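Working notes, structure below.
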Amino acid sequence: MATNALISCGVGAVCPSFLSSKSRYATAKSFGVTCNSSRFVMSAEWFPGSDRPPYLDGSAPGDFGFDPLGLGEVPANLERYKESELIHCRWAMLAVPGVLLPEALGLGNWVKAQEWAAVPGGQATYLGNPVPWGTLPTILVIEFLAIAFVEHQRSIEKDTEKKKYPGGAFDPLGFSKDPQKFQEYKVKEVKNGRLALLAFVGFCVQQSAYPGTGPLENLASHLSDPWHNNIGDIIIPKSILP
């Protein structure tokens with residue numbers, strides 16, 4: 001009951017009269033809270049009141065029972081989706097700072113940074129400096145070979161956990177040495193990765209709405225006139241705007 005739950009959390013030691021058998025609060029309903037001596041652990045779902053799919057048991061990092069389309073019903077597909085999500089999260093976490101940093105340093109935005117590729121014989125630059133072997137055909141060949149090698153190495157690994165968390169040279173700071181901390185880091189990684197994925201989608205939407213502009217330029221424009229420079233400026237017809 002709620003009384004026992006609160007006592008186990010140490011509330012009874014602080015306010016014993018509050019939880020006495022004669023108190024009207026002693027018969028209160030349970031709130032679905034699991035407690036230990038240090039903190040409350042809430043049983044939260046991505047959508048309150050929704051049923052958790054049986055194949056999402058909460059054991060995977062960042063698993064909140066979210067699969068409205070039932071994409072993970074097939075176990076082999078579910079494992080593949082977990083791996084794919086994690087890889088995309090890591091790419092997004094690299095891409096978002098890569099978009100923001102050059103613009104913050106005044107070196108142009110991520111859209112204009114690609115314009116050299118449309119020019120015959122164009123030279124790639126990074127932070128204003130020419131990139132060695134920076135022609136488009138050469139870069140495409142290097143990227144193809146590098147990604148093909150990495151994907152091949154990952155495909156021959158049969159351990160699903162090592163596919164996602166290879167460790168070794170990819171963990172130079174030893175974050176995986178403490179198993180309990182490592183589980184926390186896994187959850188933090190996928191949460192931040194999902195946020196980065198949403199951020200990059202936002203960058204793409206803003207670029208489509210205001211071609212040639214970067215996210216920081218969009219932010220500055222919005223802050224200068226929040227009433228007019230917002231999503232409504234795109235989806236609401238100009239004729240009905242004040």
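Every chain in the structure tokens has a letter given in the order shown (A, B, ...), and although residue numbers restart at 1 in each chain, ligands are simply numbered from 1 in the order shown.
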Quick check for you: according to DSSP on this backbone, which residues of segment 32-146 of chain A are classed as alpha helix (DSSP H)? Reply as a PyMOL selection string.
chain A and resi 75-104+136-146
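One distance worth recording is that between atom CA of Pro54 of chain A and atom CA of Pro68 of chain A, which is 12.6 Å.
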